[in-house]
Every structure is written in structure tokens, then in C-alpha cells.
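**Q** Provided herewith: work38.pdb, PDB, C-alpha atoms.
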ATOM      1  CA  MET A1433     -30.788 -16.554  -5.819
ATOM      2  CA  TYR A1434     -27.757 -15.001  -4.122
ATOM      3  CA  ALA A1435     -26.548 -18.440  -3.001
ATOM      4  CA  LEU A1436     -27.076 -19.918  -6.457
ATOM      5  CA  ARG A1437     -25.197 -17.058  -8.071
ATOM      6  CA  THR A1438     -22.345 -17.480  -5.580
ATOM      7  CA  LEU A1439     -22.197 -21.182  -6.394
ATOM      8  CA  PHE A1440     -22.136 -20.500 -10.138
ATOM      9  CA  ASN A1441     -19.506 -17.750  -9.730
ATOM     10  CA  THR A1442     -17.251 -19.974  -7.656
ATOM     11  CA  ALA A1443     -17.652 -23.258  -9.514
ATOM     12  CA  ILE A1444     -17.746 -22.032 -13.095
ATOM     13  CA  ILE A1445     -16.281 -18.532 -13.327
ATOM     14  CA  GLY A1446     -13.747 -18.959 -10.521
ATOM     15  CA  THR A1447     -12.478 -22.224 -11.974
ATOM     16  CA  SER A1448     -12.291 -20.635 -15.424
ATOM     17  CA  ALA A1449     -10.280 -17.728 -14.006
ATOM     18  CA  ILE A1450      -7.753 -20.059 -12.384
ATOM     19  CA  ALA A1451      -7.591 -22.135 -15.576
ATOM     20  CA  TRP A1452      -6.978 -18.940 -17.567
ATOM     21  CA  LEU A1453      -4.083 -17.982 -15.308
ATOM     22  CA  PHE A1454      -2.418 -21.371 -15.605
ATOM     23  CA  VAL A1455      -3.111 -22.189 -19.269
ATOM     24  CA  SER A1456      -2.073 -18.734 -20.481
ATOM     25  CA  GLY A1457       1.020 -18.996 -18.309
ATOM     26  CA  LEU A1458       1.912 -22.427 -19.644
ATOM     27  CA  VAL A1459       1.452 -21.344 -23.246
ATOM     28  CA  ALA A1460       3.237 -18.008 -22.926
ATOM     29  CA  GLY A1461       5.849 -19.146 -20.376
ATOM     30  CA  PRO A1462       8.425 -20.599 -22.803
ATOM     31  CA  PHE A1463       8.148 -17.582 -25.113
ATOM     32  CA  LEU A1464       8.510 -15.158 -22.226
ATOM     33  CA  TRP A1465      11.492 -17.123 -20.929
ATOM     34  CA  LEU A1466      13.159 -16.847 -24.343
ATOM     35  CA  PHE A1467      12.006 -13.311 -25.140
ATOM     36  CA  PRO A1468      11.301 -11.407 -21.902
ATOM     37  CA  GLY A1469      11.706  -8.103 -23.742
ATOM     38  CA  LYS A1470      13.761  -5.127 -22.621
ATOM     39  CA  ASN A1471      13.810  -5.154 -18.792
ATOM     40  CA  GLY A1472      10.955  -7.681 -18.714
ATOM     41  CA  ARG A1473       8.578  -5.519 -20.757
ATOM     42  CA  ASN A1474       6.970  -8.529 -22.493
ATOM     43  CA  VAL A1475       6.345 -10.227 -19.151
ATOM     44  CA  ARG A1476       4.596  -7.112 -17.813
ATOM     45  CA  LYS A1477       2.527  -6.877 -21.001
ATOM     46  CA  PHE A1478       1.582 -10.545 -20.528
ATOM     47  CA  VAL A1479       0.487  -9.853 -16.931
ATOM     48  CA  TYR A1480      -1.635  -6.997 -18.256
ATOM     49  CA  TYR A1481      -3.486  -9.330 -20.643
ATOM     50  CA  GLN A1482      -3.823 -11.969 -17.930
ATOM     51  CA  SER A1483      -5.325  -9.291 -15.688
ATOM     52  CA  LYS A1484      -7.755  -8.324 -18.434
ATOM     53  CA  GLY A1485      -8.925 -11.952 -18.476
ATOM     54  CA  ILE A1486      -9.428 -11.971 -14.712
ATOM     55  CA  LEU A1487     -11.278  -8.662 -14.961
ATOM     56  CA  PHE A1488     -13.627 -10.230 -17.487
ATOM     57  CA  CYS A1489     -14.373 -12.932 -14.897
ATOM     58  CA  VAL A1490     -14.903 -10.284 -12.198
ATOM     59  CA  ARG A1491     -17.310  -8.502 -14.519
ATOM     60  CA  MET A1492     -19.212 -11.759 -15.071
ATOM     61  CA  CYS A1493     -19.434 -12.323 -11.300
ATOM     62  CA  SER A1494     -20.599  -8.804 -10.458
ATOM     63  CA  HIS A1495     -24.019  -7.177 -10.243
ATOM     64  CA  THR A1496     -22.585  -3.990 -11.740
ATOM     65  CA  PHE A1497     -19.066  -3.170 -12.916
ATOM     66  CA  HIS A1498     -17.841   0.373 -13.320
ATOM     67  CA  ALA A1499     -14.302   1.485 -14.189
ATOM     68  CA  ALA A1500     -13.581   5.209 -14.506
ATOM     69  CA  ARG A1501     -10.337   7.059 -14.950
ATOM     70  CA  VAL A1502      -9.199  10.631 -15.091
ATOM     71  CA  GLU A1503      -6.408  11.769 -17.368
ATOM     72  CA  ARG A1504      -3.092  10.630 -15.955
ATOM     73  CA  PRO A1505       0.251  12.446 -16.039
ATOM     74  CA  LYS A1506       2.433  11.448 -19.004
ATOM     75  CA  GLU A1507       5.414  10.472 -16.863
ATOM     76  CA  PRO A1508       5.620   7.233 -14.828
ATOM     77  CA  CYS A1509       3.784   7.388 -11.506
ATOM     78  CA  VAL A1510       3.379   5.629  -8.202
ATOM     79  CA  VAL A1511      -0.094   4.086  -8.150
ATOM     80  CA  VAL A1512      -1.680   3.472  -4.741
ATOM     81  CA  ALA A1513      -4.964   1.694  -4.054
ATOM     82  CA  ASN A1514      -6.953   0.482  -1.088
ATOM     83  CA  HIS A1515      -6.790  -3.281  -0.615
ATOM     84  CA  ALA A1516      -9.577  -5.619   0.449
ATOM     85  CA  SER A1517      -9.244  -8.594  -1.886
ATOM     86  CA  ALA A1518      -6.790 -10.682  -3.895
ATOM     87  CA  LEU A1519      -8.710  -9.453  -6.955
ATOM     88  CA  ASP A1520      -7.297  -5.955  -6.409
ATOM     89  CA  LEU A1521      -3.999  -7.025  -7.975
ATOM     90  CA  TYR A1522      -5.758  -7.349 -11.316
ATOM     91  CA  THR A1523      -7.940  -4.257 -11.107
ATOM     92  CA  VAL A1524      -5.316  -1.713 -12.144
ATOM     93  CA  ALA A1525      -5.504  -3.262 -15.630
ATOM     94  CA  ALA A1526      -9.069  -1.923 -15.885
ATOM     95  CA  LEU A1527      -7.640   1.588 -15.807
ATOM     96  CA  GLY A1528      -5.160   0.911 -18.611
ATOM     97  CA  PHE A1529      -1.965   0.616 -16.552
ATOM     98  CA  ASP A1530      -0.162  -1.855 -18.820
ATOM     99  CA  ASN A1531       3.470  -1.442 -17.801
ATOM    100  CA  VAL A1532       3.562  -1.765 -14.041
ATOM    101  CA  VAL A1533       5.930  -3.024 -11.413
ATOM    102  CA  TYR A1534       4.263  -4.249  -8.245
ATOM    103  CA  ILE A1535       5.821  -4.038  -4.809
ATOM    104  CA  THR A1536       4.226  -6.854  -2.831
ATOM    105  CA  LYS A1537       4.557  -8.867   0.336
ATOM    106  CA  GLY A1538       7.103 -11.685   0.400
ATOM    107  CA  TRP A1539       4.664 -14.598   0.507
ATOM    108  CA  VAL A1540       3.473 -13.880  -3.052
ATOM    109  CA  PHE A1541       7.007 -14.597  -4.267
ATOM    110  CA  LYS A1542       6.796 -18.057  -2.741
ATOM    111  CA  LEU A1543       3.928 -19.157  -5.007
ATOM    112  CA  PRO A1544       5.558 -21.600  -7.462
ATOM    113  CA  PHE A1545       4.219 -20.376 -10.798
ATOM    114  CA  PHE A1546       3.683 -16.708  -9.907
ATOM    115  CA  ARG A1547       7.274 -16.432  -8.699
ATOM    116  CA  PHE A1548       8.567 -16.975 -12.224
ATOM    117  CA  VAL A1549       6.318 -14.287 -13.693
ATOM    118  CA  MET A1550       6.952 -11.829 -10.859
ATOM    119  CA  ASN A1551      10.720 -12.136 -11.053
ATOM    120  CA  GLY A1552      10.579 -11.882 -14.841
ATOM    121  CA  ALA A1553       8.465  -8.737 -14.663
ATOM    122  CA  GLY A1554      10.819  -7.113 -12.141
ATOM    123  CA  TYR A1555       8.380  -7.015  -9.224
ATOM    124  CA  MET A1556       9.823  -6.341  -5.783
ATOM    125  CA  ASP A1557       9.521  -8.085  -2.437
ATOM    126  CA  ALA A1558       8.654  -5.352   0.083
ATOM    127  CA  GLU A1559       9.876  -7.428   3.011
ATOM    128  CA  LYS A1560      13.183  -8.776   1.718
ATOM    129  CA  THR A1561      14.504  -5.972  -0.471
ATOM    130  CA  PRO A1562      16.715  -3.553   1.516
ATOM    131  CA  PRO A1563      15.467   0.077   1.340
ATOM    132  CA  GLU A1564      18.480   1.354  -0.638
ATOM    133  CA  GLU A1565      18.132  -1.427  -3.215
ATOM    134  CA  MET A1566      14.388  -0.867  -3.406
ATOM    135  CA  LEU A1567      14.903   2.825  -4.121
ATOM    136  CA  ALA A1568      17.553   2.101  -6.767
ATOM    137  CA  ARG A1569      15.359  -0.511  -8.486
ATOM    138  CA  CYS A1570      12.344   1.799  -8.433
ATOM    139  CA  LYS A1571      14.460   4.578  -9.924
ATOM    140  CA  GLN A1572      15.468   2.200 -12.701
ATOM    141  CA  ALA A1573      11.856   1.057 -13.216
ATOM    142  CA  VAL A1574      10.694   4.666 -13.538
ATOM    143  CA  ALA A1575      13.551   5.346 -15.996
ATOM    144  CA  ASN A1576      12.248   2.359 -18.009
ATOM    145  CA  GLY A1577       8.808   3.977 -18.162
ATOM    146  CA  CYS A1578       7.089   1.716 -15.587
ATOM    147  CA  ASP A1579       4.435   2.757 -13.106
ATOM    148  CA  ILE A1580       4.969   1.380  -9.602
ATOM    149  CA  VAL A1581       1.905  -0.117  -7.917
ATOM    150  CA  LEU A1582       1.552  -0.526  -4.157
ATOM    151  CA  PHE A1583      -1.222  -1.244  -1.695
ATOM    152  CA  PRO A1584      -0.206   1.003   1.222
ATOM    153  CA  GLN A1585      -2.579  -0.705   3.670
ATOM    154  CA  GLY A1586      -0.286  -3.715   3.367
ATOM    155  CA  SER A1587      -2.986  -6.264   4.140
ATOM    156  CA  ARG A1588      -6.526  -7.219   3.121
ATOM    157  CA  LYS A1589      -7.657  -7.839   6.686
ATOM    158  CA  ASN A1590      -8.818  -4.342   7.613
ATOM    159  CA  PRO A1591     -10.301  -2.395   4.676
ATOM    160  CA  GLN A1592     -10.195   0.832   6.738
ATOM    161  CA  ALA A1593      -6.546   0.421   7.817
ATOM    162  CA  ARG A1594      -4.261   3.415   7.604
ATOM    163  CA  PHE A1595      -2.068   3.976   4.555
ATOM    164  CA  LYS A1596       1.544   3.380   5.493
ATOM    165  CA  SER A1597       3.756   6.079   4.103
ATOM    166  CA  GLY A1598       6.409   4.014   2.231
ATOM    167  CA  ALA A1599       4.759   4.411  -1.189
ATOM    168  CA  PHE A1600       4.574   8.158  -0.710
ATOM    169  CA  TYR A1601       8.154   8.364   0.519
ATOM    170  CA  LEU A1602       9.117   6.592  -2.694
ATOM    171  CA  ALA A1603       7.171   9.126  -4.781
ATOM    172  CA  GLU A1604       8.825  11.949  -2.853
ATOM    173  CA  MET A1605      12.300  10.494  -3.396
ATOM    174  CA  LEU A1606      11.686   9.844  -7.096
ATOM    175  CA  GLN A1607       9.749  13.113  -7.513
ATOM    176  CA  VAL A1608       6.952  11.399  -9.435
ATOM    177  CA  PRO A1609       3.174  11.893  -9.107
ATOM    178  CA  VAL A1610       0.994   9.575  -7.044
ATOM    179  CA  ILE A1611      -2.231   8.295  -8.636
ATOM    180  CA  PRO A1612      -4.786   7.224  -6.009
ATOM    181  CA  VAL A1613      -7.100   4.413  -7.108
ATOM    182  CA  ALA A1614     -10.326   3.614  -5.274
ATOM    183  CA  ILE A1615     -11.518   0.003  -5.429
ATOM    184  CA  ALA A1616     -14.938  -0.863  -4.015
ATOM    185  CA  GLY A1617     -16.780  -4.169  -3.960
ATOM    186  CA  THR A1618     -13.896  -6.601  -4.472
ATOM    187  CA  GLY A1619     -13.729  -7.161  -0.707
ATOM    188  CA  GLU A1620     -17.371  -8.144  -0.788
ATOM    189  CA  MET A1621     -16.854 -10.401  -3.800
ATOM    190  CA  LEU A1622     -13.744 -12.215  -2.565
ATOM    191  CA  PRO A1623     -12.764 -11.224   0.994
ATOM    192  CA  ALA A1624      -9.492 -12.323   2.581
ATOM    193  CA  GLY A1625      -9.617 -15.976   3.607
ATOM    194  CA  SER A1626     -12.544 -16.892   1.357
ATOM    195  CA  ILE A1627     -12.688 -18.901  -1.854
ATOM    196  CA  ARG A1628     -16.322 -18.102  -2.657
ATOM    197  CA  LEU A1629     -17.010 -15.488  -5.326
ATOM    198  CA  ARG A1630     -20.052 -13.561  -4.180
ATOM    199  CA  PRO A1631     -21.896 -11.231  -6.536
ATOM    200  CA  ALA A1632     -21.167  -7.565  -5.758
ATOM    201  CA  ASP A1633     -21.168  -4.064  -7.207
ATOM    202  CA  ILE A1634     -17.641  -3.282  -8.386
ATOM    203  CA  LEU A1635     -16.198   0.192  -8.769
ATOM    204  CA  ILE A1636     -12.639   0.961  -9.863
ATOM    205  CA  GLN A1637     -11.796   4.630 -10.152
ATOM    206  CA  SER A1638      -8.592   6.578 -10.549
ATOM    207  CA  LEU A1639      -8.349  10.049  -9.025
ATOM    208  CA  PRO A1640      -6.375  13.145 -10.002
ATOM    209  CA  ALA A1641      -2.655  12.728  -9.370
ATOM    210  CA  LEU A1642      -1.035  14.108  -6.229
ATOM    211  CA  LEU A1643       2.310  15.849  -6.703
ATOM    212  CA  PRO A1644       4.922  15.736  -3.928
ATOM    213  CA  THR A1645       5.682  19.401  -4.620
ATOM    214  CA  ASP A1646       2.100  20.353  -3.692
ATOM    215  CA  PHE A1647       2.642  19.249  -0.099
ATOM    216  CA  THR A1648       4.478  21.027   2.684
ATOM    217  CA  GLY A1649       5.212  20.288   6.322
ATOM    218  CA  PRO A1650       7.884  18.383   8.226
ATOM    219  CA  VAL A1651       6.922  14.987   6.790
ATOM    220  CA  VAL A1652       5.578  15.413   3.258
ATOM    221  CA  HIS A1653       4.971  11.694   2.650
ATOM    222  CA  LEU A1654       2.811  11.379   5.788
ATOM    223  CA  GLU A1655       0.686  14.273   4.566
ATOM    224  CA  MET A1656       0.405  12.673   1.122
ATOM    225  CA  ALA A1657      -0.565   9.313   2.633
ATOM    226  CA  ARG A1658      -3.334  10.932   4.662
ATOM    227  CA  THR A1659      -4.651  12.892   1.686
ATOM    228  CA  ALA A1660      -4.628   9.845  -0.625
ATOM    229  CA  LYS A1661      -6.429   7.724   1.957
ATOM    230  CA  ASN A1662      -9.081  10.375   2.592
ATOM    231  CA  LYS A1663      -9.770  10.793  -1.124
ATOM    232  CA  ILE A1664      -9.918   7.050  -1.766
ATOM    233  CA  MET A1665     -11.981   6.121   1.283
ATOM    234  CA  GLU A1666     -14.466   8.914   0.617
ATOM    235  CA  ILE A1667     -15.359   7.164  -2.652
ATOM    236  CA  VAL A1668     -15.132   3.620  -1.273
ATOM    237  CA  ASN A1669     -17.246   4.334   1.811
ATOM    238  CA  LYS A1670     -19.862   6.163  -0.251
ATOM    239  CA  GLU A1671     -20.031   3.224  -2.657
ATOM    240  CA  MET A1672     -20.160   0.675   0.167
ATOM    241  CA  LYS A1673     -22.597   2.890   2.141
ATOM    242  CA  ILE A1674     -20.374   2.900   5.230
TER     243      ILE A1674
ATOM    244  CA  MET E1023       8.541  22.636  33.541
ATOM    245  CA  ILE E1024       6.716  20.091  31.396
ATOM    246  CA  THR E1025       5.177  17.272  33.422
ATOM    247  CA  ARG E1026       5.219  13.576  32.547
ATOM    248  CA  GLU E1027       1.440  13.669  32.107
ATOM    249  CA  GLU E1028       1.825  16.507  29.623
ATOM    250  CA  ILE E1029       4.510  14.540  27.739
ATOM    251  CA  ILE E1030       2.229  11.504  27.555
ATOM    252  CA  ARG E1031      -0.701  13.608  26.396
ATOM    253  CA  LEU E1032       1.257  15.423  23.680
ATOM    254  CA  THR E1033       2.956  12.226  22.470
ATOM    255  CA  ASN E1034      -0.321  10.319  22.256
ATOM    256  CA  GLU E1035      -1.975  13.262  20.534
ATOM    257  CA  ALA E1036       0.750  13.333  17.863
ATOM    258  CA  LEU E1037       0.712   9.550  17.370
ATOM    259  CA  LYS E1038      -3.066   9.453  17.096
ATOM    260  CA  LYS E1039      -3.090  12.210  14.482
ATOM    261  CA  GLU E1040      -0.173  11.040  12.364
ATOM    262  CA  PHE E1041      -0.588   7.262  12.567
ATOM    263  CA  GLU E1042      -4.354   6.910  13.063
ATOM    264  CA  LEU E1043      -3.936   5.143  16.394
ATOM    265  CA  THR E1044      -6.658   4.668  18.978
ATOM    266  CA  ASP E1045      -6.594   5.177  22.759
ATOM    267  CA  GLU E1046      -6.829   1.388  23.187
ATOM    268  CA  GLN E1047      -3.562   0.944  21.275
ATOM    269  CA  LEU E1048      -1.747   3.628  23.237
ATOM    270  CA  VAL E1049      -1.044   1.799  26.477
ATOM    271  CA  PRO E1050       2.409   2.260  28.032
ATOM    272  CA  THR E1051       3.360  -1.402  27.651
ATOM    273  CA  ALA E1052       2.493  -1.461  23.920
ATOM    274  CA  HIS E1053       5.353  -2.628  21.686
ATOM    275  CA  LEU E1054       5.811   0.033  19.011
ATOM    276  CA  GLN E1055       6.369  -2.456  16.206
ATOM    277  CA  ASN E1056       4.286  -5.469  17.200
ATOM    278  CA  ASP E1057       1.344  -3.869  19.010
ATOM    279  CA  VAL E1058       1.167  -0.365  17.560
ATOM    280  CA  GLY E1059       2.205  -1.497  14.056
ATOM    281  CA  LEU E1060       4.878   1.108  13.352
ATOM    282  CA  ASP E1061       7.488   0.019  10.793
ATOM    283  CA  SER E1062      11.016   1.379  10.395
ATOM    284  CA  LEU E1063       9.929   4.282   8.177
ATOM    285  CA  ASP E1064       7.142   5.117  10.634
ATOM    286  CA  ALA E1065       9.756   5.245  13.399
ATOM    287  CA  VAL E1066      11.741   7.850  11.464
ATOM    288  CA  ASP E1067       8.533   9.804  10.767
ATOM    289  CA  MET E1068       7.564   9.559  14.428
ATOM    290  CA  VAL E1069      10.855  11.147  15.487
ATOM    291  CA  VAL E1070      10.353  14.068  13.077
ATOM    292  CA  VAL E1071       6.755  14.557  14.230
ATOM    293  CA  LEU E1072       7.713  14.470  17.935
ATOM    294  CA  GLU E1073      10.642  16.813  17.358
ATOM    295  CA  GLN E1074       8.213  19.317  15.943
ATOM    296  CA  LYS E1075       5.703  18.746  18.727
ATOM    297  CA  PHE E1076       8.219  19.239  21.530
ATOM    298  CA  GLY E1077      10.486  21.718  19.776
ATOM    299  CA  MET E1078      13.709  19.818  20.473
ATOM    300  CA  THR E1079      16.051  17.473  18.640
ATOM    301  CA  LEU E1080      15.538  13.834  19.476
ATOM    302  CA  ARG E1081      18.238  12.360  17.284
ATOM    303  CA  GLN E1082      21.537  13.844  18.457
ATOM    304  CA  GLY E1083      23.600  11.922  20.947
ATOM    305  CA  TYR E1084      20.872   9.541  22.035
ATOM    306  CA  ASP E1085      20.181   5.950  21.109
ATOM    307  CA  ILE E1086      16.651   5.980  19.706
ATOM    308  CA  ARG E1087      16.948   2.296  18.749
ATOM    309  CA  SER E1088      16.700   1.382  22.430
ATOM    310  CA  ILE E1089      13.054   2.528  22.415
ATOM    311  CA  VAL E1090      10.876  -0.573  22.231
ATOM    312  CA  THR E1091       7.637   0.229  24.044
ATOM    313  CA  LEU E1092       5.523   3.338  24.348
ATOM    314  CA  ASN E1093       6.708   3.706  27.938
ATOM    315  CA  ASP E1094      10.330   3.737  26.693
ATOM    316  CA  LEU E1095       9.314   6.568  24.388
ATOM    317  CA  TYR E1096       7.739   8.582  27.237
ATOM    318  CA  ASN E1097      10.841   8.013  29.401
ATOM    319  CA  PHE E1098      13.112   9.023  26.529
ATOM    320  CA  ILE E1099      11.263  12.281  25.892
ATOM    321  CA  GLU E1100      11.037  13.031  29.613
ATOM    322  CA  LYS E1101      14.802  12.570  30.052
ATOM    323  CA  LEU E1102      15.453  14.713  27.012
ATOM    324  CA  ALA E1103      13.100  17.441  28.271
ATOM    325  CA  ARG E1104      14.873  17.463  31.661
ATOM    326  CA  ASP E1105      18.296  17.717  29.958
ATOM    327  CA  HIS E1106      16.923  20.427  27.683
ATOM    328  CA  GLU E1107      15.631  22.425  30.638
ATOM    329  CA  ALA E1108      18.891  21.950  32.548
ATOM    330  CA  GLY E1109      20.711  23.354  29.499
ATOM    331  CA  LYS E1110      22.680  20.180  28.815
TER     332      LYS E1110
END
Turn the structure described in the file into C-alpha cells.
**A**
Amino acid sequence: MYALRTLFNTAIIGTSAIAWLFVSGLVAGPFLWLFPGKNGRNVRKFVYYQSKGILFCVRMCSHTFHAARVERPKEPCVVVANHASALDLYTVAALGFDNVVYITKGWVFKLPFFRFVMNGAGYMDAEKTPPEEMLARCKQAVANGCDIVLFPQGSRKNPQARFKSGAFYLAEMLQVPVIPVAIAGTGEMLPAGSIRLRPADILIQSLPALLPTDFTGPVVHLEMARTAKNKIMEIVNKEMKI
Amino acid sequence: MITREEIIRLTNEALKKEFELTDEQLVPTAHLQNDVGLDSLDAVDMVVVLEQKFGMTLRQGYDIRSIVTLNDLYNFIEKLARDHEAGK
């Protein structure tokens, strides 16, 4: 049954998800090129609706699907999540984050179609953008009302990897809250290096925001990174029974 | 006078706590960027953490960028501790 479900997920739902990404992109592309909105707002809204479509596919592939959020601060935030699957990029949409700027690895910017959308939406290449420029662009994004989304583990290869402190340094510099997001099950559904969509129990949960001013010590962002990881992994490991 | 063994122990202790490193990663020949996985921001954080651990300034008048391996780091702190004790 598990094998049959995996086959159905991959062949039917997976193909539909990819088709959704490309067809919606082809239809909306010319309009977004002509009317990207103020600072790429329309492009980010489009990505949000694309993500909703992918989330629908994830829901169809899963045994159970649970998305829960706590009340978020009104101001723009830095959103950090654990990272075990390519699906994680789309999961923040489940929590209602509809105006986000992602900071991602450089290789994502090399994907032919995605590059257009990512540049249009104002996403940032974590490897190529110099730190000063990154900070200035993030400041501008926050001034435009955008949340900034990062995966501080930096890679999908080790789900228990430490959270690097760059995202938290950014929050400290911008003096904005950090919203930790726990994602469980996506790594089981679509692990790194796989194209098969296995059925899994999916949990996406936002946690109470962390404020840079609540932390003390010589390196505030290191302390924040540790706290965010502990809170996230407590939920993920409980869900995954690790 | 602080011994080299003590420097190694305290440094490893700080790195393990702050950067979630394991004993297997903390071998003297380990490259801080490639083997230990510390990026440029981690390097800055590491300096602040070690300054607090050893109670001395690591940044003034010394070329931290020359530190490539963990052994370089131990040597650097040892030299600094000797200078510190000699009142230089």
C-alpha cells in the first residue's frame, strides 16, 4: 500500500505540482513582467498563491496535515525554519506569510524559470550578495513591509544541523522579531536527492516570536540561534519520534 | 601560567558549546572553514566567545585572518597568552 501510494503521489500529484508551477508561471509571467507591483509586491503575492497550490499537493500526498500558528507581531519579522526538504520553501504559505523575501543559496538563482520570479520578487542570493548590500536590501525589504525568510541550517542534508547565526544577526541589526517555524514530515515525504513523494505526517507550526532585546550576553545572535533551534527541534523531534 | 593543554581544552569547550561541534571535528589539523564548517560570521563570533573565555583581547594588533586550522588557533591563543603574561 505504501509503495502504491508513493507511486501515485509521484506520478500523479508530483507531476501535477510541477505542471502547476510552470503553467501558472507561464500564464502570470507576462502580467508580472508588465505589472510587478511596488517593489515586486505582485510577484511575491503570485509566489504565495503558487505555494498554496503546492501545499494542496503536499496535503494530498500526506497521511495527516496540520498547520498551526500563534499570533505574530504586527511588524515585519525574520522567519526561520528547520530545513529537510525542497517542499519547505512552500510551507511558510501555510502559516499565512504572503509578503516574504527569501534569502537562499546561489544555485536556486541558476534555475532558468525560477530565476525570473526570484529576481522579480526581490529574493537574495546568500552566497553572492556582499554582507553590507544584504543588510541594506533587508532593511529596505522590512521598510516595504516584507518578512524575511531563511533556513539557518543552510542545507537539507542534515536535519539536525546547527542553526547558523546569520539570520539572527540580521534580526539583531534590524531590531525585528524572529518567528521560529517548525516543519516536520517534509523530509520524510521528499528528502534531499529524491524525486519520490512518500506519504508522511506533515506538521507546520509557528512559535512565539523571539525579540533581540530579550537576549543578553556577548553574542546575542548566537544565543538567539541556539534558543530558536532548541524550540523548533523540540517540536520536530517529538513529532518524528526521535 | 596557562598551559597549552589548558588552552586546547578551553578552546574546544567553547567551540563545542557555541557551534555544536563534536570531539571528532576538533582535531588540530581541521580546517576551520572546510572541515569545521565555520563561516565568516562564525569566525567573528568565535573571536568574541574566545575573548570572553580567556579574558583577553584577540583582535588588536594581530592578524586573525592568518588562522586557517584549529592548530593555528591554539598557537595564536598560546602566543597571545604568553605576551599577555609577559605584560606586552
**Q** Which neighbours of Leu1032 of chain E fall inside 9 Å, counting only C-alpha atoms, when residues of the same chain fewer than 4 positions from it are skipped, and could you give them as a list in words?
**A**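 My reading of the contact set: Glu1027, Glu1028, Ala1036, Leu1037, Leu1072, Lys1075 and Phe1076 of chain E.
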**Q** For this file, the ChimeraX specification (/A :<8) & /E selects which residues, as a PyMOL selection string?
**A** chain E and resi 1040-1042+1063-1064+1067+1070-1071+1074
**Q** Would you pick out the contacts of Asn1056 of chain E at 12 Å or less, using only C-alpha atoms, so that residues sharing its chain but fewer than 6 positions from it are not included, and give the list as a list in words?
**A**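 Neighbouring residues, sequence-local ones excluded: Gln1047, Ser1062, Val1090, Thr1091 and Leu1092 of chain E.
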**Q** Convert the output of the PyMOL selection byres ((chain A and resi 1436-1447) around 8) on the shown file into explicit residues, formatted as a count of residues only.
**A** 15
**Q** Around (6.1, -1.4, -13.0) in the file's frame, which residues reach within 12 Å when counting only C-alpha atoms? Return as number ranges by chain?
**A** A: 1471-1477, 1479-1480, 1508-1511, 1524, 1529-1536, 1550-1556, 1569-1582
**Q** What residues come out when you apply the PyMOL selection byres ((chain A and resi 1624) around 7) to this file, written as a PyMOL selection string?
**A** chain A and resi 1517+1588-1589+1622-1623+1625-1626
**Q** In Å, with one decimal, what is the gap from atom CA of Arg1504 of chain A to atom CA of Lys1537 of chain A?
**A**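 Straight-line distance from atom CA of Arg1504 of chain A to atom CA of Lys1537 of chain A works out to 26.5 Å.
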**Q** Go through A:Val1490, A:Val1502, A:Ala1603, A:Leu1519 and flag the residue nearest Ser1638 of chain A, using all atoms listed in the file for the distances.
**A**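 Once distances to Ser1638 of chain A are computed over all atoms listed in the file, the minimum belongs to A:Val1502.
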**Q** Just give me the gap between atom CA of Asp1085 of chain E and atom CA of Asn1034 of chain E in Å, one decimal is fine.
**A**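 Between atom CA of Asp1085 of chain E and atom CA of Asn1034 of chain E the gap is 21.0 Å.
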**Q** In Å, rounded to a single decimal, give me how far atom CA of Gln1637 of chain A is from atom CA of Leu1060 of chain E.
**A**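 That distance, rounded to one decimal, is 29.0 Å.
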**Q** Could you check the closest approach to Gln1585 of chain A for each of A:Val1610, A:Val1540, A:Ile1615, A:Val1512 and tell me which residue wins, using all atoms listed in the file?
**A**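 Closest to Gln1585 of chain A, using all atoms listed in the file: A:Val1512.
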**Q** My list of candidates is A:Ala1660, A:Ala1518, A:Ile1667, A:Leu1642. Which is closest to Ala1616 of chain A when distances are computed with all atoms listed in the file?
**A**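 Under the stated criterion, the closest residue is A:Ile1667.
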**Q** May I ask which of the residues E:Val1058, E:Val1069, E:Met1023, E:Ile1086 is the closest one to Leu1043 of chain E, counting all atoms listed in the file?
**A**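 When distances to Leu1043 of chain E are compared using all atoms listed in the file, the smallest one comes from E:Val1058.
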**Q** Quick one: axis-aligned box around all listed atoms of segment 1072-1076 of chain E, 4 Å on every side, centre and edge lengths in Å to one decimal, written as JSON.
**A**
{"center_x": 8.2, "center_y": 16.9, "center_z": 18.7, "size_x": 12.9, "size_y": 12.8, "size_z": 13.6}
**Q** Around the point (11.7, 16.0, 29.3) in the file's coordinates, collect all residues with an atom within 10 Å, using only C-alpha atoms, and return them as a PyMOL selection string.
**A** chain E and resi 1023-1026+1028-1029+1076+1078+1096-1108
